[in-house]
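Shown next: data-v2.csv, containing CSV, C-alpha atoms.
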```
chain,number,residue,atom,x,y,z
S,1,MET,CA,0.0,0.0,0.0
S,2,GLU,CA,2.8,2.4,1.0
S,3,HIS,CA,4.6,1.6,-2.3
S,4,ASN,CA,1.4,2.5,-4.3
S,5,LYS,CA,1.1,5.8,-2.4
S,6,GLU,CA,4.7,6.7,-3.1
S,7,LYS,CA,4.3,5.8,-6.8
S,8,ALA,CA,1.1,7.9,-7.0
S,9,LYS,CA,2.9,10.9,-5.5
S,10,LYS,CA,5.7,10.6,-8.0
S,11,ASN,CA,3.2,10.5,-10.8
S,12,GLY,CA,1.6,13.7,-9.4
S,13,THR,CA,-1.6,12.0,-8.2
S,14,ASP,CA,-3.1,11.1,-4.7
S,15,PRO,CA,-4.7,7.7,-4.4
S,16,GLY,CA,-7.4,9.3,-2.2
S,17,THR,CA,-8.4,11.8,-4.9
S,18,ALA,CA,-11.0,10.7,-7.4
S,19,ILE,CA,-11.1,13.9,-9.5
S,20,SER,CA,-8.5,16.7,-9.7
S,21,VAL,CA,-9.3,19.9,-11.6
S,22,GLN,CA,-6.2,22.0,-12.1
S,23,ASP,CA,-6.5,25.6,-13.4
S,24,VAL,CA,-9.1,24.7,-16.0
S,25,CYS,CA,-10.2,27.4,-18.5
S,26,MET,CA,-12.8,27.0,-21.3
S,27,TYR,CA,-13.1,29.6,-24.0
S,28,PHE,CA,-15.4,29.6,-27.1
S,29,ARG,CA,-15.1,31.8,-30.2
S,30,THR,CA,-18.4,33.1,-31.5
S,31,PRO,CA,-18.9,35.3,-34.6
S,32,VAL,CA,-19.7,38.9,-33.8
S,33,ASP,CA,-21.8,39.2,-37.1
S,34,PRO,CA,-22.7,35.7,-38.2
S,35,SER,CA,-22.9,35.1,-41.9
S,36,GLU,CA,-26.3,34.2,-43.4
S,37,SER,CA,-24.9,31.7,-45.9
S,38,LEU,CA,-21.8,29.6,-46.6
S,39,LYS,CA,-20.9,31.7,-49.6
S,40,GLU,CA,-21.0,34.9,-47.5
S,41,TYR,CA,-18.9,33.2,-44.8
S,42,LEU,CA,-16.2,32.1,-47.3
S,43,ILE,CA,-16.1,35.6,-48.9
S,44,ARG,CA,-15.6,37.2,-45.5
S,45,PHE,CA,-13.0,34.5,-44.5
S,46,ALA,CA,-11.0,35.2,-47.7
S,47,LYS,CA,-11.0,38.9,-47.0
S,48,GLY,CA,-10.2,38.4,-43.3
S,49,ARG,CA,-13.5,40.0,-42.3
S,50,ASN,CA,-14.9,37.4,-39.9
S,51,PRO,CA,-14.5,39.0,-36.5
S,52,TYR,CA,-15.0,36.8,-33.4
S,53,ARG,CA,-15.5,37.5,-29.7
S,54,GLU,CA,-14.2,35.2,-27.1
S,55,LEU,CA,-16.7,33.7,-24.6
S,56,ARG,CA,-15.0,32.7,-21.4
S,57,ALA,CA,-17.1,29.9,-20.0
S,58,LEU,CA,-14.7,28.9,-17.3
S,59,GLU,CA,-11.8,30.9,-15.7
S,60,HIS,CA,-9.0,29.1,-13.8
S,61,ILE,CA,-11.1,26.5,-11.9
S,62,SER,CA,-9.2,24.3,-9.4
S,63,PHE,CA,-10.4,21.8,-6.9
S,64,ASP,CA,-10.0,18.1,-5.9
S,65,VAL,CA,-12.7,15.7,-5.0
S,66,ARG,CA,-11.8,13.0,-2.5
S,67,ARG,CA,-13.1,9.4,-3.0
S,68,GLY,CA,-16.5,9.1,-1.4
S,69,GLU,CA,-17.2,12.8,-1.3
S,70,VAL,CA,-20.6,14.1,-2.5
S,71,VAL,CA,-19.9,17.6,-4.0
S,72,GLY,CA,-22.7,20.0,-5.1
S,73,LEU,CA,-22.1,22.5,-7.9
S,74,ILE,CA,-24.3,25.6,-7.7
S,75,GLY,CA,-24.5,28.9,-9.7
S,76,THR,CA,-26.9,30.9,-11.9
S,77,ASN,CA,-27.7,29.8,-15.4
S,78,GLY,CA,-24.7,30.2,-17.8
S,79,SER,CA,-22.1,29.9,-15.1
S,80,GLY,CA,-20.3,27.0,-16.7
S,81,LYS,CA,-21.5,24.1,-14.4
S,82,SER,CA,-22.6,21.8,-17.2
S,83,THR,CA,-19.5,22.7,-19.3
S,84,LEU,CA,-17.3,21.7,-16.3
S,85,LEU,CA,-19.1,18.4,-15.9
S,86,LYS,CA,-18.5,17.6,-19.6
S,87,ILE,CA,-14.8,18.4,-19.3
S,88,ILE,CA,-14.5,16.2,-16.2
S,89,SER,CA,-16.3,13.3,-17.9
S,90,GLY,CA,-14.0,13.6,-21.0
S,91,ALA,CA,-16.7,14.8,-23.4
S,92,MET,CA,-14.9,18.1,-23.9
S,93,THR,CA,-11.3,19.2,-23.8
S,94,PRO,CA,-10.5,22.4,-21.8
S,95,THR,CA,-8.8,25.3,-23.5
S,96,LYS,CA,-6.3,25.4,-20.7
S,97,GLY,CA,-5.6,23.4,-17.6
S,98,LYS,CA,-5.9,19.7,-16.8
S,99,VAL,CA,-8.4,17.2,-15.3
S,100,THR,CA,-7.1,14.0,-13.7
S,101,ALA,CA,-9.8,11.3,-13.3
S,102,GLU,CA,-10.4,7.7,-14.3
S,103,LYS,CA,-12.7,8.4,-17.2
S,104,ASP,CA,-13.8,4.7,-17.6
S,105,LYS,CA,-15.2,4.8,-14.0
S,106,ILE,CA,-17.2,8.0,-14.6
S,107,HIS,CA,-21.0,7.8,-15.3
S,108,LEU,CA,-22.4,11.2,-16.5
S,109,LEU,CA,-26.1,11.3,-16.0
S,110,THR,CA,-27.8,14.1,-17.9
S,111,LEU,CA,-31.4,13.8,-19.4
S,112,GLY,CA,-32.8,14.6,-22.8
S,113,THR,CA,-29.8,13.5,-24.9
S,114,GLY,CA,-29.7,10.6,-27.4
S,115,PHE,CA,-33.5,10.4,-28.2
S,116,ASP,CA,-34.8,10.2,-31.7
S,117,LYS,CA,-38.4,11.4,-31.7
S,118,GLU,CA,-39.3,9.6,-34.9
S,119,LEU,CA,-38.5,6.2,-33.3
S,120,THR,CA,-40.7,4.4,-30.8
S,121,ALA,CA,-40.1,4.4,-27.1
S,122,ARG,CA,-39.0,0.8,-27.3
S,123,GLU,CA,-36.4,1.6,-30.0
S,124,ASN,CA,-35.2,4.6,-28.0
S,125,VAL,CA,-34.5,2.4,-25.0
S,126,TYR,CA,-32.0,0.5,-27.1
S,127,LEU,CA,-30.6,3.6,-28.8
S,128,ASN,CA,-30.2,5.6,-25.6
S,129,GLY,CA,-28.9,2.7,-23.7
S,130,ALA,CA,-26.2,2.0,-26.3
S,131,ILE,CA,-25.2,5.7,-26.2
S,132,ILE,CA,-24.8,5.4,-22.4
S,133,GLY,CA,-22.7,2.3,-22.9
S,134,TYR,CA,-25.1,-0.6,-22.1
S,135,THR,CA,-24.8,-3.8,-24.0
S,136,ARG,CA,-27.9,-5.1,-25.9
S,137,GLU,CA,-28.0,-8.1,-23.5
S,138,TYR,CA,-28.0,-5.8,-20.5
S,139,ILE,CA,-30.8,-3.7,-22.0
S,140,GLU,CA,-32.9,-6.8,-22.7
S,141,GLU,CA,-32.4,-7.9,-19.1
S,142,LYS,CA,-33.5,-4.6,-17.7
S,143,TYR,CA,-36.1,-3.6,-20.3
S,144,ASP,CA,-39.2,-4.5,-18.3
S,145,GLU,CA,-37.8,-2.9,-15.2
S,146,ILE,CA,-37.1,0.3,-17.2
S,147,VAL,CA,-40.7,0.4,-18.5
S,148,ARG,CA,-42.2,-0.2,-15.0
S,149,PHE,CA,-40.1,2.5,-13.4
S,150,ALA,CA,-41.0,5.0,-16.2
S,151,GLN,CA,-44.7,4.1,-15.8
S,152,LEU,CA,-45.0,3.7,-19.5
S,153,GLU,CA,-46.7,0.3,-19.8
S,154,GLY,CA,-48.8,0.3,-23.0
S,155,PHE,CA,-46.9,3.2,-24.6
S,156,MET,CA,-43.7,1.6,-25.7
S,157,GLU,CA,-44.7,1.1,-29.3
S,158,GLU,CA,-45.7,4.8,-29.7
S,159,ARG,CA,-43.3,7.3,-31.3
S,160,VAL,CA,-41.6,9.5,-28.8
S,161,LYS,CA,-42.7,12.6,-30.8
S,162,ASN,CA,-46.2,11.9,-29.4
S,163,PHE,CA,-45.0,11.8,-25.8
S,164,SER,CA,-45.4,14.7,-23.4
S,165,SER,CA,-42.2,16.2,-22.0
S,166,GLY,CA,-42.8,14.5,-18.7
S,167,MET,CA,-43.1,11.1,-20.4
S,168,VAL,CA,-39.8,11.6,-22.2
S,169,SER,CA,-38.1,12.7,-19.0
S,170,ARG,CA,-39.4,9.7,-17.1
S,171,LEU,CA,-38.1,7.4,-19.9
S,172,GLY,CA,-34.7,9.1,-20.0
S,173,PHE,CA,-34.3,8.9,-16.3
S,174,ALA,CA,-35.3,5.2,-16.1
S,175,ILE,CA,-32.8,4.3,-18.8
S,176,ALA,CA,-30.0,6.4,-17.3
S,177,THR,CA,-30.3,5.1,-13.8
S,178,MET,CA,-30.9,1.4,-14.5
S,179,ARG,CA,-27.4,0.2,-13.7
S,180,ASP,CA,-25.1,-0.7,-10.8
S,181,THR,CA,-23.8,2.3,-8.9
S,182,PRO,CA,-20.6,3.5,-10.6
S,183,GLU,CA,-17.4,4.6,-8.8
S,184,ILE,CA,-17.7,8.2,-9.9
S,185,LEU,CA,-21.2,9.6,-10.6
S,186,ILE,CA,-21.9,12.9,-12.2
S,187,LEU,CA,-25.5,14.2,-12.1
S,188,ASP,CA,-26.6,17.2,-14.1
S,189,GLU,CA,-30.0,18.5,-13.0
S,190,VAL,CA,-31.7,15.1,-12.9
S,191,LEU,CA,-33.8,15.5,-9.8
S,192,SER,CA,-36.5,17.7,-11.3
S,193,VAL,CA,-38.1,15.3,-13.8
S,194,GLY,CA,-41.8,14.4,-14.1
S,195,ASP,CA,-44.6,15.1,-11.7
S,196,LEU,CA,-44.5,15.4,-7.9
S,197,PHE,CA,-44.9,11.7,-7.4
S,198,PHE,CA,-42.2,10.7,-10.0
S,199,ARG,CA,-39.8,13.3,-8.5
S,200,GLU,CA,-40.2,11.6,-5.1
S,201,LYS,CA,-39.5,8.3,-6.8
S,202,SER,CA,-36.6,9.5,-8.8
S,203,GLY,CA,-35.2,11.3,-5.8
S,204,LYS,CA,-35.2,8.1,-3.8
S,205,ARG,CA,-33.3,6.3,-6.6
S,206,ILE,CA,-30.7,9.0,-6.9
S,207,ARG,CA,-30.2,9.1,-3.1
S,208,GLU,CA,-29.6,5.3,-3.2
S,209,MET,CA,-26.9,5.9,-5.9
S,210,ILE,CA,-25.4,8.8,-4.0
S,211,HIS,CA,-25.1,7.0,-0.7
S,212,GLY,CA,-24.0,3.7,-2.3
S,213,GLY,CA,-20.4,4.5,-1.9
S,214,SER,CA,-19.8,6.5,-5.1
S,215,THR,CA,-17.9,9.7,-5.5
S,216,VAL,CA,-20.5,12.2,-6.6
S,217,LEU,CA,-20.6,15.6,-8.4
S,218,LEU,CA,-24.2,17.0,-8.4
S,219,VAL,CA,-25.4,20.0,-10.2
S,220,SER,CA,-28.8,21.4,-9.0
S,221,HIS,CA,-30.6,24.7,-8.8
S,222,SER,CA,-32.3,23.4,-5.7
S,223,LEU,CA,-30.3,24.4,-2.7
S,224,ASP,CA,-32.4,22.0,-0.5
S,225,THR,CA,-31.1,19.2,-2.7
S,226,ILE,CA,-27.5,20.3,-2.2
S,227,LEU,CA,-28.0,20.7,1.6
S,228,GLU,CA,-29.7,17.3,1.9
S,229,ASN,CA,-27.2,15.3,-0.1
S,230,CYS,CA,-23.8,17.0,-0.3
S,231,THR,CA,-20.9,17.0,2.1
S,232,ARG,CA,-19.4,20.0,0.3
S,233,ALA,CA,-20.5,22.7,-2.2
S,234,ILE,CA,-18.7,24.7,-4.9
S,235,TRP,CA,-20.2,27.9,-6.2
S,236,LEU,CA,-19.5,28.9,-9.8
S,237,GLU,CA,-20.7,32.3,-11.1
S,238,LYS,CA,-20.2,33.4,-14.7
S,239,GLY,CA,-17.3,31.0,-15.1
S,240,VAL,CA,-15.5,32.1,-11.9
S,241,GLN,CA,-15.1,29.9,-8.8
S,242,LYS,CA,-16.6,32.0,-6.0
S,243,MET,CA,-16.6,29.7,-3.0
S,244,ASP,CA,-15.8,26.1,-2.0
S,245,GLY,CA,-16.6,24.6,1.4
S,246,ASP,CA,-19.3,23.7,3.8
S,247,PRO,CA,-22.7,23.4,2.0
S,248,LYS,CA,-24.5,25.5,4.6
S,249,LEU,CA,-22.0,28.4,4.3
S,250,VAL,CA,-21.8,28.2,0.5
S,251,CYS,CA,-25.6,28.1,0.0
S,252,GLN,CA,-26.0,31.0,2.5
S,253,ALA,CA,-23.6,33.1,0.5
S,254,TYR,CA,-25.3,32.2,-2.8
S,255,ARG,CA,-28.7,33.1,-1.4
S,256,ALA,CA,-27.4,36.4,-0.3
S,257,TYR,CA,-26.0,37.0,-3.7
S,258,GLY,CA,-29.4,36.1,-5.3
S,259,GLU,CA,-31.2,38.6,-3.0
S,260,ARG,CA,-28.9,41.4,-4.2
S,261,LEU,CA,-29.8,40.6,-7.8
S,262,LYS,CA,-33.5,41.1,-7.2
```

Write the structure described by the file as structure tokens, please.
Amino acid sequence: MEHNKEKAKKNGTDPGTAISVQDVCMYFRTPVDPSESLKEYLIRFAKGRNPYRELRALEHISFDVRRGEVVGLIGTNGSGKSTLLKIISGAMTPTKGKVTAEKDKIHLLTLGTGFDKELTARENVYLNGAIIGYTREYIEEKYDEIVRFAQLEGFMEERVKNFSSGMVSRLGFAIATMRDTPEILILDEVLSVGDLFFREKSGKRIREMIHGGSTVLLVSHSLDTILENCTRAIWLEKGVQKMDGDPKLVCQAYRAYGERLK
């Protein structure tokens, strides 16, 4: 064990750290005056007349997450929370900085992605499950359980385009959470799906996953959710890391900030 710790230190990692975010920046270039056609774009490009502005989504973000921690990310819309989760999960590469984590042990749970509305609900279970990383055999084994949890018995041969947003959310949630608890769990606003009764049901399942021994990063606009589930909170505001520490203190400061905005 001591040998492994020494080896980890030499490699710049701590065996007790699940995720290390080191001075991460994320910048996007957006056109100031977007071209209306490809031809116009090429003409402007040839003449060097395609001005861009730089959108700084994240500025010098740094923190470590210890194994077994449940860390909440809070902040107003557009503060870079989802962008940061995508970088940590490996879906995006930061402009600057570095993230150290075992990507194959991370499960990013975000709803509403990977659905084809022209396909039936049954077909979307297989499609969405494959995108998440489930095998066909695993999906077949869990199919009936997914349908029951989503409360969509009798609707699985219908095209998803005919579903209400609540039905789509329930199906997406049921697919995404129908697996063994991963070592590192990243949750992006998944506790607000469906009606009141389904939110209670989904909340219970997420709490079981959170308290099943995983290291968890949880994004939520509900401060009550952060206070109920997290051992630590990080506040991002317009891409800047404002505060990191005890959830009660961080949420209190965030509430005070919100009051000043009114």

### Task
Quote the spacing between atom CA of Lys117 of chain S and atom CA of Leu185 of chain S in Å to one decimal place.
27.3 Å

### Message
Between atom CA of Ile139 of chain S and atom CA of Val70 of chain S, what distance in Å does the model show, to one decimal?
### Response
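Answer for the atom CA of Ile139 of chain S to atom CA of Val70 of chain S separation: 28.3 Å.
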
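Atom CA of Leu84 of chain S is found 17.3 Å from atom CA of Arg29 of chain S.
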
### Task
Determine the nearest neighbour of Val99 of chain S from the options S:Ser165, S:Thr30, S:Gln22, S:Asn128, counting all atoms listed in the file.
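Among the listed residues, the smallest separation from Val99 of chain S belongs to S:Gln22.
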
### Message
When you count all atoms listed in the file, which of these residues is closest to Phe163 of chain S: S:Tyr27, S:Phe115, S:Phe63, S:Phe198?
### Response
S:Phe115

#### Entry: Closest of S:Glu153, S:Asp14, S:Asp188, S:Asp104 to Asp64 of chain S - atom-to-atom distances counting all atoms listed in the file
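The closest residue to Asp64 of chain S is S:Asp14.
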
### Task
Please provide the set of residues having any atom within 10 Å of Ile226 of chain S, restricted to all atoms listed in the file, with same-chain residues fewer than 4 positions apart removed, written as a PyMOL selection string.
chain S and resi 70-74+218-222+230-233+247-248+251

Go ahead and save the picked residues with C-alpha atoms, as a JSON list (two decimals), in the frame of the given file.
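Dumped to selection.json:
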```
[["chain", "number", "residue", "atom", "x", "y", "z"],
["S", 70, "VAL", "CA", -20.60, 14.10, -2.50],
["S", 71, "VAL", "CA", -19.90, 17.60, -4.00],
["S", 72, "GLY", "CA", -22.70, 20.00, -5.10],
["S", 73, "LEU", "CA", -22.10, 22.50, -7.90],
["S", 74, "ILE", "CA", -24.30, 25.60, -7.70],
["S", 218, "LEU", "CA", -24.20, 17.00, -8.40],
["S", 219, "VAL", "CA", -25.40, 20.00, -10.20],
["S", 220, "SER", "CA", -28.80, 21.40, -9.00],
["S", 221, "HIS", "CA", -30.60, 24.70, -8.80],
["S", 222, "SER", "CA", -32.30, 23.40, -5.70],
["S", 230, "CYS", "CA", -23.80, 17.00, -0.30],
["S", 231, "THR", "CA", -20.90, 17.00, 2.10],
["S", 232, "ARG", "CA", -19.40, 20.00, 0.30],
["S", 233, "ALA", "CA", -20.50, 22.70, -2.20],
["S", 247, "PRO", "CA", -22.70, 23.40, 2.00],
["S", 248, "LYS", "CA", -24.50, 25.50, 4.60],
["S", 251, "CYS", "CA", -25.60, 28.10, 0.00]]
```

### Query
Looking at all atoms listed in the file, which of S:Ala174, S:Ala253, S:Val168, S:Leu127 is the one that sits closest to Val147 of chain S?
S:Ala174

### Message
Ranking S:Gln241, S:Ser62, S:Ser214, S:Asn229 by minimum distance to Lys98 of chain S and counting all atoms listed in the file, which one comes first?
### Response
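Closest residue, counting all atoms listed in the file: S:Ser62.
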
### Task
Name all residues at most 9 Å from Glu183 of chain S (count all atoms listed in the file; drop same-chain ones fewer than 6 positions away) and give them as a PyMOL selection string.
chain S and resi 18+67-68+105-107+213-216

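Shortest separation to Glu59 of chain S among S:Ala91, S:Leu236, S:Leu196, S:Leu261 occurs at residue S:Leu236, atoms counted being all atoms listed in the file.
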